[in-house]
Amino acid sequence: MNERLTITALGPYIGALVSNLHLSRPLGDGQFEQLYHALIRHQVLFFRDQPLTPQQQRALAMRFGDLHIHPVYPQAAGVEEIIVLDTHNDNPPDNDNWHTDVTFIATPPAGAILAAKQLPETGGDTLWASGIAAYEALSAPLKTLLTGLQAEHDFTKAFPEYKYQGSEEEHARWKKAVASNPPVLHPLVRTHPVSGRKALFVNEGFTTRIVDLTRKESNALLNFLFAHITKPEFQVRWRWQKDDVAIWDNRVTQHYANADYLPQRRVMHRATIVGDKPY
Ligand SMILES: O=C(O)CCC(=O)C(=O)O
Ligand SMILES: [Fe+2]
């Protein structure tokens, strides 16, 4: 009854292509278990030819947990759990930086599901990097130094005020988001709650400083770690086709969306799965 999924690794550390599955239909328990296991192991999964309505994407994401509603990103009509990333000349892309989604809250998302709706002819690739591979590649003394340290993550680093002044309404929404999202602390090295594997957990998008270090020490160490995570060995790069879907484990990865396609338009839909407190 429960057909086996076909899972093809795209590299030794991160990424796998999954076929033999229709994501628009409710998944059986056996299928979901295989999918979840593959996600933990490969950290980001890719699927071709999966047209999903916002409702179907929401239903799929809800198999993984409760969904997060983003404080500032626009939503699909009637489905507030689906973020619409519609980028073009008048709304240029701004995810061309290495980041883990929504680490500015105490319980950052466990995962996310991204669906390609409209694509440029070429360009607009997305890259993911494994925080597990990045952590494991560090020397033993540096691992020891990082373990036990905490870093601050700040909403306003990736969502600065000047970008949200287009209208009174937009500015008011931003101010409300800032007021309800004060900076939070997370461990620099987190343990995956399911696999027990350790991962580097700082990202250039939101991480502002390492607690207990001097400003200069913090900047130097963060700059090293932000550069370290960008080693191609830790990454997988996806060249999207329309109706591709990616599901990633946001607890142990970061990603970067190439902004190389203007003046063409690119439209993506994202569902974000609530996570727990990193430790
Ligand atoms: O548009 C993309 O490829 C990814 C954008 C992004 O950072 C996200 O959906 O979290
Ligand atoms: Fe993102």
# chains A, B, ... in the order shown; residues from 1 in each chain; ligands from 1
$ select_by_dssp --residues "segment 101-235 of chain A" --states "strand (DSSP E)" --output "ChimeraX atom specification"
/A:111-118,126-130,150-153,184-187,189-191,198-200,207-210,235
$ residues_around --residues "segment 86-90 of chain A" --least-positions-apart "3" --cutoff "8 Å" --atoms "only C-alpha atoms" --output "JSON, numbers by chain"
{"A": [93, 262, 263, 264, 265, 266, 267, 268]}
$ write_last_selection --atoms "N, CA and C atoms" --output "PDB file, in the first residue's frame"
ATOM      1  N   PRO A  93      14.202  41.461  -5.324  1.00  0.00           N
ATOM      2  CA  PRO A  93      14.455  40.380  -4.364  1.00  0.00           C
ATOM      3  C   PRO A  93      15.374  40.844  -3.238  1.00  0.00           C
ATOM      4  N   LEU A 262      16.388  40.171 -12.547  1.00  0.00           N
ATOM      5  CA  LEU A 262      15.649  41.375 -12.952  1.00  0.00           C
ATOM      6  C   LEU A 262      16.073  41.771 -14.370  1.00  0.00           C
ATOM      7  N   PRO A 263      15.195  42.310 -15.203  1.00  0.00           N
ATOM      8  CA  PRO A 263      13.827  42.772 -14.914  1.00  0.00           C
ATOM      9  C   PRO A 263      12.765  41.680 -14.998  1.00  0.00           C
ATOM     10  N   GLN A 264      13.175  40.419 -15.054  1.00  0.00           N
ATOM     11  CA  GLN A 264      12.153  39.365 -15.108  1.00  0.00           C
ATOM     12  C   GLN A 264      11.504  39.200 -13.728  1.00  0.00           C
ATOM     13  N   ARG A 265      10.355  38.534 -13.736  1.00  0.00           N
ATOM     14  CA  ARG A 265       9.590  38.342 -12.507  1.00  0.00           C
ATOM     15  C   ARG A 265       9.783  36.918 -11.996  1.00  0.00           C
ATOM     16  N   ARG A 266       9.695  36.745 -10.707  1.00  0.00           N
ATOM     17  CA  ARG A 266       9.808  35.420 -10.088  1.00  0.00           C
ATOM     18  C   ARG A 266       8.818  35.371  -8.929  1.00  0.00           C
ATOM     19  N   VAL A 267       7.982  34.321  -8.892  1.00  0.00           N
ATOM     20  CA  VAL A 267       6.958  34.216  -7.843  1.00  0.00           C
ATOM     21  C   VAL A 267       7.091  32.860  -7.143  1.00  0.00           C
ATOM     22  N   MET A 268       7.229  32.909  -5.834  1.00  0.00           N
ATOM     23  CA  MET A 268       7.361  31.700  -5.021  1.00  0.00           C
ATOM     24  C   MET A 268       6.328  31.754  -3.890  1.00  0.00           C
TER      25      MET A 268
END
$ select_by_dssp --residues "segment 85-278 of chain A" --states "alpha helix (DSSP H)" --output "number ranges by chain"
A: 131-136, 140-146, 155-158, 168-180, 215-228
$ closest_atom_pairs --of "segment 93-185 of chain A" --to "segment 70-84 of chain A" --cutoff "10 Å" --atoms "only C-alpha atoms" --output "CSV"
residue,atom,partner,partner_atom,distance
A:Val102,CA,A:His70,CA,8.5
A:Ile113,CA,A:Ile82,CA,9.5
A:Leu114,CA,A:Ile83,CA,9.3
A:Ala115,CA,A:Val84,CA,9.9
A:Lys117,CA,A:Val84,CA,9.7
A:Phe159,CA,A:Val72,CA,8.9
A:Tyr164,CA,A:Val72,CA,9.2
A:Glu170,CA,A:Val72,CA,8.3
A:His171,CA,A:Val72,CA,10.0
A:Arg173,CA,A:Val72,CA,6.8
A:Trp174,CA,A:Val72,CA,6.6
A:Lys176,CA,A:Pro71,CA,8.5
A:Ala177,CA,A:Pro71,CA,5.8
A:Val178,CA,A:Pro71,CA,9.2
A:Ser180,CA,A:Pro71,CA,9.3
A:Asn181,CA,A:Pro71,CA,9.3
$ write_last_selection --atoms "all heavy atoms" --output "compact mmCIF listing (two decimals), in the first residue's frame"
# COMPACT_ATOMS: atom_id res chain seq x y z
N VAL A 102 13.53 33.25 10.01
CA VAL A 102 12.84 33.65 11.24
C VAL A 102 13.59 33.22 12.52
O VAL A 102 12.98 32.78 13.49
CB VAL A 102 11.38 33.12 11.25
CG1 VAL A 102 10.53 33.85 12.31
CG2 VAL A 102 10.68 33.27 9.89
N ILE A 113 8.38 25.03 3.32
CA ILE A 113 8.07 24.41 2.03
C ILE A 113 7.92 25.54 1.02
O ILE A 113 7.11 26.45 1.21
CB ILE A 113 6.77 23.58 2.11
CG1 ILE A 113 6.91 22.49 3.19
CG2 ILE A 113 6.42 22.98 0.74
CD1 ILE A 113 5.70 21.59 3.34
N LEU A 114 8.73 25.48 -0.03
CA LEU A 114 8.76 26.54 -1.03
C LEU A 114 8.35 25.96 -2.38
O LEU A 114 8.85 24.92 -2.79
CB LEU A 114 10.18 27.12 -1.10
CG LEU A 114 10.40 28.40 -1.90
CD1 LEU A 114 9.63 29.58 -1.27
CD2 LEU A 114 11.89 28.73 -1.97
N ALA A 115 7.43 26.66 -3.06
CA ALA A 115 6.92 26.19 -4.35
C ALA A 115 7.14 27.27 -5.41
O ALA A 115 6.86 28.44 -5.18
CB ALA A 115 5.42 25.89 -4.22
N LYS A 117 6.24 29.19 -8.61
CA LYS A 117 5.01 29.49 -9.35
C LYS A 117 5.28 30.16 -10.69
O LYS A 117 4.61 29.90 -11.67
CB LYS A 117 4.11 30.40 -8.50
CG LYS A 117 3.67 29.78 -7.21
CD LYS A 117 2.73 28.63 -7.48
CE LYS A 117 2.63 27.69 -6.32
NZ LYS A 117 1.82 26.50 -6.65
N PHE A 159 15.22 43.15 8.29
CA PHE A 159 14.04 43.96 7.95
C PHE A 159 14.24 45.38 8.48
O PHE A 159 13.57 45.79 9.42
CB PHE A 159 12.77 43.32 8.54
CG PHE A 159 12.47 41.94 8.00
CD1 PHE A 159 12.89 40.80 8.70
CD2 PHE A 159 11.79 41.77 6.81
CE1 PHE A 159 12.63 39.52 8.19
CE2 PHE A 159 11.53 40.50 6.30
CZ PHE A 159 11.94 39.37 7.01
N TYR A 164 10.56 49.71 4.79
CA TYR A 164 9.12 49.56 5.09
C TYR A 164 8.46 50.91 5.31
O TYR A 164 7.68 51.09 6.23
CB TYR A 164 8.94 48.61 6.29
CG TYR A 164 9.46 47.23 5.93
CD1 TYR A 164 10.80 46.91 6.16
CD2 TYR A 164 8.67 46.31 5.26
CE1 TYR A 164 11.31 45.68 5.75
CE2 TYR A 164 9.17 45.10 4.85
CZ TYR A 164 10.49 44.79 5.09
OH TYR A 164 10.98 43.59 4.67
N GLU A 170 2.22 50.20 5.81
CA GLU A 170 3.40 49.33 5.80
C GLU A 170 4.32 49.66 6.98
O GLU A 170 4.83 48.77 7.66
CB GLU A 170 4.15 49.54 4.46
CG GLU A 170 5.30 48.58 4.26
CD GLU A 170 6.10 48.87 2.99
OE1 GLU A 170 6.34 50.06 2.67
OE2 GLU A 170 6.48 47.92 2.31
N HIS A 171 4.50 50.95 7.21
CA HIS A 171 5.38 51.38 8.30
C HIS A 171 4.80 50.97 9.65
O HIS A 171 5.52 50.50 10.54
CB HIS A 171 5.59 52.90 8.22
CG HIS A 171 6.74 53.37 9.07
ND1 HIS A 171 6.72 54.56 9.75
CD2 HIS A 171 7.93 52.79 9.36
CE1 HIS A 171 7.86 54.69 10.43
NE2 HIS A 171 8.61 53.63 10.20
N ARG A 173 2.85 48.45 10.25
CA ARG A 173 2.97 47.00 10.36
C ARG A 173 4.40 46.63 10.80
O ARG A 173 4.61 45.75 11.62
CB ARG A 173 2.66 46.38 8.99
CG ARG A 173 2.30 44.92 9.07
CD ARG A 173 1.75 44.42 7.74
NE ARG A 173 1.51 42.98 7.83
CZ ARG A 173 1.71 42.13 6.84
NH1 ARG A 173 2.14 42.54 5.68
NH2 ARG A 173 1.46 40.85 7.01
N TRP A 174 5.38 47.34 10.20
CA TRP A 174 6.79 47.09 10.56
C TRP A 174 7.01 47.43 12.03
O TRP A 174 7.64 46.67 12.76
CB TRP A 174 7.71 47.93 9.65
CG TRP A 174 9.16 47.77 10.00
CD1 TRP A 174 10.02 46.82 9.55
CD2 TRP A 174 9.92 48.59 10.91
NE1 TRP A 174 11.27 46.99 10.11
CE2 TRP A 174 11.23 48.07 10.95
CE3 TRP A 174 9.61 49.71 11.69
CZ2 TRP A 174 12.24 48.63 11.74
CZ3 TRP A 174 10.61 50.27 12.48
CH2 TRP A 174 11.91 49.73 12.50
N LYS A 176 4.94 47.51 14.49
CA LYS A 176 4.28 46.52 15.33
C LYS A 176 5.14 45.24 15.39
O LYS A 176 5.31 44.63 16.45
CB LYS A 176 2.90 46.20 14.74
CG LYS A 176 2.02 45.44 15.66
CD LYS A 176 0.57 45.41 15.16
CE LYS A 176 -0.16 44.26 15.81
NZ LYS A 176 -0.75 43.33 14.86
N ALA A 177 5.69 44.86 14.23
CA ALA A 177 6.53 43.65 14.18
C ALA A 177 7.78 43.83 15.05
O ALA A 177 8.19 42.91 15.75
CB ALA A 177 6.92 43.35 12.74
N VAL A 178 8.37 45.02 15.02
CA VAL A 178 9.57 45.28 15.83
C VAL A 178 9.22 45.20 17.32
O VAL A 178 9.93 44.58 18.11
CB VAL A 178 10.18 46.66 15.50
CG1 VAL A 178 11.34 46.98 16.44
CG2 VAL A 178 10.64 46.70 14.06
N SER A 180 6.88 43.57 18.75
CA SER A 180 6.57 42.22 19.26
C SER A 180 7.71 41.23 19.00
O SER A 180 7.59 40.05 19.36
CB SER A 180 5.24 41.73 18.69
OG SER A 180 5.18 41.95 17.32
N ASN A 181 8.81 41.69 18.39
CA ASN A 181 9.94 40.79 18.15
C ASN A 181 11.26 41.40 18.63
O ASN A 181 12.14 41.70 17.82
CB ASN A 181 10.05 40.44 16.65
CG ASN A 181 8.89 39.60 16.17
OD1 ASN A 181 8.80 38.42 16.49
ND2 ASN A 181 7.98 40.21 15.42
$ closest_atom_pairs --of "chain A" --to "ligand 2" --cutoff "8 Å" --atoms "only C-alpha atoms and all ligand atoms" --output "Markdown table"
| residue | atom | partner | partner_atom_place_in_ligand_line | distance |
| --- | --- | --- | --- | --- |
| A:Asn95 | CA | ligand 2 | 1 (Fe) | 6.4 |
| A:His99 | CA | ligand 2 | 1 (Fe) | 6.2 |
| A:Thr100 | CA | ligand 2 | 1 (Fe) | 6.1 |
| A:Asp101 | CA | ligand 2 | 1 (Fe) | 4.8 |
| A:Val102 | CA | ligand 2 | 1 (Fe) | 7.9 |
| A:Gln254 | CA | ligand 2 | 1 (Fe) | 7.8 |
| A:His255 | CA | ligand 2 | 1 (Fe) | 6.3 |
| A:Tyr256 | CA | ligand 2 | 1 (Fe) | 7.2 |
| A:Ala257 | CA | ligand 2 | 1 (Fe) | 7.7 |
$ write_last_selection --atoms "all heavy atoms" --output "JSON list (two decimals), in the first residue's frame"
[["chain", "number", "residue", "atom", "x", "y", "z"],
["A", 95, "ASN", "N", 16.36, 38.31, -0.68],
["A", 95, "ASN", "CA", 16.84, 37.11, 0.03],
["A", 95, "ASN", "C", 18.18, 36.64, -0.51],
["A", 95, "ASN", "O", 18.53, 35.47, -0.39],
["A", 95, "ASN", "CB", 15.80, 35.99, -0.02],
["A", 95, "ASN", "CG", 14.70, 36.21, 1.01],
["A", 95, "ASN", "OD1", 14.99, 36.50, 2.16],
["A", 95, "ASN", "ND2", 13.45, 36.09, 0.59],
["A", 99, "HIS", "N", 20.86, 33.07, 5.12],
["A", 99, "HIS", "CA", 20.04, 33.21, 6.32],
["A", 99, "HIS", "C", 19.30, 31.91, 6.63],
["A", 99, "HIS", "O", 19.09, 31.08, 5.75],
["A", 99, "HIS", "CB", 19.02, 34.34, 6.15],
["A", 99, "HIS", "CG", 17.99, 34.07, 5.09],
["A", 99, "HIS", "ND1", 18.25, 34.22, 3.74],
["A", 99, "HIS", "CD2", 16.72, 33.61, 5.17],
["A", 99, "HIS", "CE1", 17.18, 33.88, 3.04],
["A", 99, "HIS", "NE2", 16.23, 33.49, 3.88],
["A", 100, "THR", "N", 18.91, 31.80, 7.87],
["A", 100, "THR", "CA", 17.98, 30.77, 8.33],
["A", 100, "THR", "C", 16.70, 31.52, 8.61],
["A", 100, "THR", "O", 16.73, 32.62, 9.16],
["A", 100, "THR", "CB", 18.53, 30.10, 9.61],
["A", 100, "THR", "OG1", 19.82, 29.54, 9.30],
["A", 100, "THR", "CG2", 17.61, 29.03, 10.13],
["A", 101, "ASP", "N", 15.56, 30.97, 8.20],
["A", 101, "ASP", "CA", 14.32, 31.74, 8.31],
["A", 101, "ASP", "C", 13.91, 32.00, 9.76],
["A", 101, "ASP", "O", 13.93, 31.07, 10.59],
["A", 101, "ASP", "CB", 13.17, 31.03, 7.59],
["A", 101, "ASP", "CG", 13.33, 31.08, 6.07],
["A", 101, "ASP", "OD1", 14.06, 31.95, 5.57],
["A", 101, "ASP", "OD2", 12.70, 30.24, 5.38],
["A", 102, "VAL", "N", 13.53, 33.25, 10.01],
["A", 102, "VAL", "CA", 12.84, 33.65, 11.24],
["A", 102, "VAL", "C", 13.59, 33.22, 12.52],
["A", 102, "VAL", "O", 12.98, 32.78, 13.49],
["A", 102, "VAL", "CB", 11.38, 33.12, 11.25],
["A", 102, "VAL", "CG1", 10.53, 33.85, 12.31],
["A", 102, "VAL", "CG2", 10.68, 33.27, 9.89],
["A", 254, "GLN", "N", 20.95, 26.87, 6.23],
["A", 254, "GLN", "CA", 20.67, 28.24, 5.80],
["A", 254, "GLN", "C", 20.54, 28.24, 4.29],
["A", 254, "GLN", "O", 20.89, 27.26, 3.64],
["A", 254, "GLN", "CB", 21.69, 29.25, 6.27],
["A", 254, "GLN", "CG", 23.02, 28.79, 6.74],
["A", 254, "GLN", "CD", 23.75, 29.91, 7.49],
["A", 254, "GLN", "OE1", 23.92, 31.00, 6.96],
["A", 254, "GLN", "NE2", 24.17, 29.63, 8.71],
["A", 255, "HIS", "N", 20.02, 29.33, 3.75],
["A", 255, "HIS", "CA", 19.84, 29.37, 2.30],
["A", 255, "HIS", "C", 20.06, 30.77, 1.76],
["A", 255, "HIS", "O", 20.10, 31.76, 2.52],
["A", 255, "HIS", "CB", 18.47, 28.82, 1.89],
["A", 255, "HIS", "CG", 17.32, 29.44, 2.60],
["A", 255, "HIS", "ND1", 16.93, 29.05, 3.86],
["A", 255, "HIS", "CD2", 16.48, 30.43, 2.24],
["A", 255, "HIS", "CE1", 15.89, 29.77, 4.24],
["A", 255, "HIS", "NE2", 15.60, 30.63, 3.28],
["A", 256, "TYR", "N", 20.19, 30.84, 0.44],
["A", 256, "TYR", "CA", 20.53, 32.07, -0.27],
["A", 256, "TYR", "C", 19.79, 32.05, -1.60],
["A", 256, "TYR", "O", 19.96, 31.11, -2.39],
["A", 256, "TYR", "CB", 22.05, 32.11, -0.50],
["A", 256, "TYR", "CG", 22.60, 33.33, -1.20],
["A", 256, "TYR", "CD1", 23.38, 34.25, -0.50],
["A", 256, "TYR", "CD2", 22.35, 33.56, -2.55],
["A", 256, "TYR", "CE1", 23.89, 35.37, -1.14],
["A", 256, "TYR", "CE2", 22.86, 34.68, -3.20],
["A", 256, "TYR", "CZ", 23.62, 35.58, -2.48],
["A", 256, "TYR", "OH", 24.13, 36.69, -3.12],
["A", 257, "ALA", "N", 18.98, 33.06, -1.87],
["A", 257, "ALA", "CA", 18.23, 33.11, -3.13],
["A", 257, "ALA", "C", 18.92, 34.09, -4.09],
["A", 257, "ALA", "O", 19.00, 35.29, -3.81],
["A", 257, "ALA", "CB", 16.79, 33.55, -2.86]]
$ residues_around --residues "Asp212 of chain A" --least-positions-apart "2" --cutoff "9 Å" --atoms "only C-alpha atoms" --output "list in words"
Leu149, Gln150, Ile210, Thr214 and Ser218 of chain A
$ atom_distance --atom1 "atom CA of Gly166 of chain A" --atom2 "atom CA of Pro92 of chain A"
13.7 Å
$ residues_around --residues "Tyr261 of chain A" --least-positions-apart "3" --cutoff "7 Å" --atoms "only C-alpha atoms" --output "list in words"
Pro120, Gly123, Gly124 and Gln264 of chain A
$ write_last_selection --atoms "N, CA, C and O atoms" --output "PDB file, in the first residue's frame"
ATOM      1  N   PRO A 120      11.965  33.222 -13.873  1.00  0.00           N
ATOM      2  CA  PRO A 120      12.662  33.850 -14.991  1.00  0.00           C
ATOM      3  C   PRO A 120      13.154  32.769 -15.955  1.00  0.00           C
ATOM      4  O   PRO A 120      13.193  31.591 -15.584  1.00  0.00           O
ATOM      5  N   GLY A 123      18.345  31.903 -14.199  1.00  0.00           N
ATOM      6  CA  GLY A 123      18.648  32.631 -12.967  1.00  0.00           C
ATOM      7  C   GLY A 123      17.612  32.340 -11.895  1.00  0.00           C
ATOM      8  O   GLY A 123      16.692  31.548 -12.099  1.00  0.00           O
ATOM      9  N   GLY A 124      17.773  32.970 -10.729  1.00  0.00           N
ATOM     10  CA  GLY A 124      16.858  32.764  -9.615  1.00  0.00           C
ATOM     11  C   GLY A 124      17.058  31.430  -8.915  1.00  0.00           C
ATOM     12  O   GLY A 124      16.140  30.931  -8.255  1.00  0.00           O
ATOM     13  N   GLN A 264      13.175  40.419 -15.054  1.00  0.00           N
ATOM     14  CA  GLN A 264      12.153  39.365 -15.108  1.00  0.00           C
ATOM     15  C   GLN A 264      11.504  39.200 -13.728  1.00  0.00           C
ATOM     16  O   GLN A 264      12.061  39.609 -12.716  1.00  0.00           O
TER      17      GLN A 264
END
$ closest_residue --among "A:Ala116, A:Val211, A:Leu27, A:Ala38" --to "ligand 1" --atoms "only C-alpha atoms and all ligand atoms"
A:Ala116
$ closest_residue --among "A:Glu168, A:Asp154, A:Asp125, A:Asp29" --to "ligand 1" --atoms "only C-alpha atoms and all ligand atoms"
A:Asp125
$ closest_residue --among "A:Thr107, A:Ser167, A:Asn97, A:Asn203" --to "ligand 1" --atoms "only C-alpha atoms and all ligand atoms"
A:Asn97
$ decode --residues "segment 184-211 of chain A" --atoms "N, CA and C atoms" --output "short mmCIF file (atom, residue, chain, number, x, y, z; two decimals), in the first residue's frame"
data_model
loop_
_atom_site.label_atom_id
_atom_site.label_comp_id
_atom_site.auth_asym_id
_atom_site.auth_seq_id
_atom_site.Cartn_x
_atom_site.Cartn_y
_atom_site.Cartn_z
N VAL A 184 16.50 38.15 20.34
CA VAL A 184 16.51 36.93 21.16
C VAL A 184 17.91 36.31 21.13
N LEU A 185 18.17 35.42 22.10
CA LEU A 185 19.45 34.71 22.14
C LEU A 185 19.24 33.25 21.77
N HIS A 186 20.19 32.72 20.98
CA HIS A 186 20.21 31.29 20.66
C HIS A 186 21.63 30.77 20.82
N PRO A 187 21.78 29.46 21.11
CA PRO A 187 23.13 28.89 21.16
C PRO A 187 23.80 28.96 19.78
N LEU A 188 25.11 29.13 19.76
CA LEU A 188 25.86 29.17 18.49
C LEU A 188 25.87 27.81 17.84
N VAL A 189 25.87 26.78 18.69
CA VAL A 189 25.84 25.41 18.19
C VAL A 189 24.57 24.78 18.75
N ARG A 190 23.70 24.30 17.86
CA ARG A 190 22.48 23.68 18.37
C ARG A 190 22.48 22.19 18.07
N THR A 191 21.68 21.47 18.85
CA THR A 191 21.56 20.03 18.69
C THR A 191 20.22 19.75 18.02
N HIS A 192 20.25 18.97 16.94
CA HIS A 192 18.99 18.66 16.27
C HIS A 192 18.10 17.83 17.21
N PRO A 193 16.85 18.26 17.44
CA PRO A 193 16.02 17.56 18.43
C PRO A 193 15.67 16.12 18.04
N VAL A 194 15.75 15.79 16.76
CA VAL A 194 15.41 14.42 16.33
C VAL A 194 16.67 13.58 16.12
N SER A 195 17.63 14.10 15.38
CA SER A 195 18.82 13.29 15.04
C SER A 195 19.91 13.38 16.09
N GLY A 196 19.88 14.41 16.93
CA GLY A 196 20.94 14.61 17.91
C GLY A 196 22.22 15.18 17.32
N ARG A 197 22.21 15.47 16.01
CA ARG A 197 23.43 15.99 15.38
C ARG A 197 23.59 17.48 15.72
N LYS A 198 24.85 17.90 15.78
CA LYS A 198 25.14 19.30 16.12
C LYS A 198 25.31 20.14 14.86
N ALA A 199 24.85 21.37 14.92
CA ALA A 199 24.92 22.25 13.76
C ALA A 199 25.30 23.66 14.19
N LEU A 200 26.06 24.31 13.32
CA LEU A 200 26.36 25.72 13.52
C LEU A 200 25.06 26.51 13.34
N PHE A 201 24.76 27.40 14.29
CA PHE A 201 23.47 28.09 14.23
C PHE A 201 23.63 29.61 14.36
N VAL A 202 24.44 30.17 13.47
CA VAL A 202 24.47 31.64 13.31
C VAL A 202 24.21 31.91 11.84
N ASN A 203 23.56 33.01 11.53
CA ASN A 203 23.34 33.35 10.12
C ASN A 203 23.45 34.85 9.92
N GLU A 204 24.01 35.19 8.77
CA GLU A 204 24.30 36.60 8.49
C GLU A 204 23.02 37.43 8.44
N GLY A 205 21.92 36.81 8.07
CA GLY A 205 20.65 37.53 7.96
C GLY A 205 20.22 38.16 9.27
N PHE A 206 20.32 37.42 10.36
CA PHE A 206 19.74 37.90 11.62
C PHE A 206 20.71 38.00 12.79
N THR A 207 21.85 37.31 12.74
CA THR A 207 22.72 37.27 13.92
C THR A 207 23.54 38.56 14.01
N THR A 208 23.45 39.23 15.16
CA THR A 208 24.09 40.54 15.31
C THR A 208 25.35 40.50 16.17
N ARG A 209 25.40 39.63 17.20
CA ARG A 209 26.58 39.62 18.06
C ARG A 209 26.61 38.36 18.90
N ILE A 210 27.81 38.04 19.35
CA ILE A 210 27.97 36.90 20.26
C ILE A 210 28.06 37.47 21.68
N VAL A 211 27.23 36.92 22.55
CA VAL A 211 27.15 37.41 23.93
C VAL A 211 28.46 37.09 24.66
#
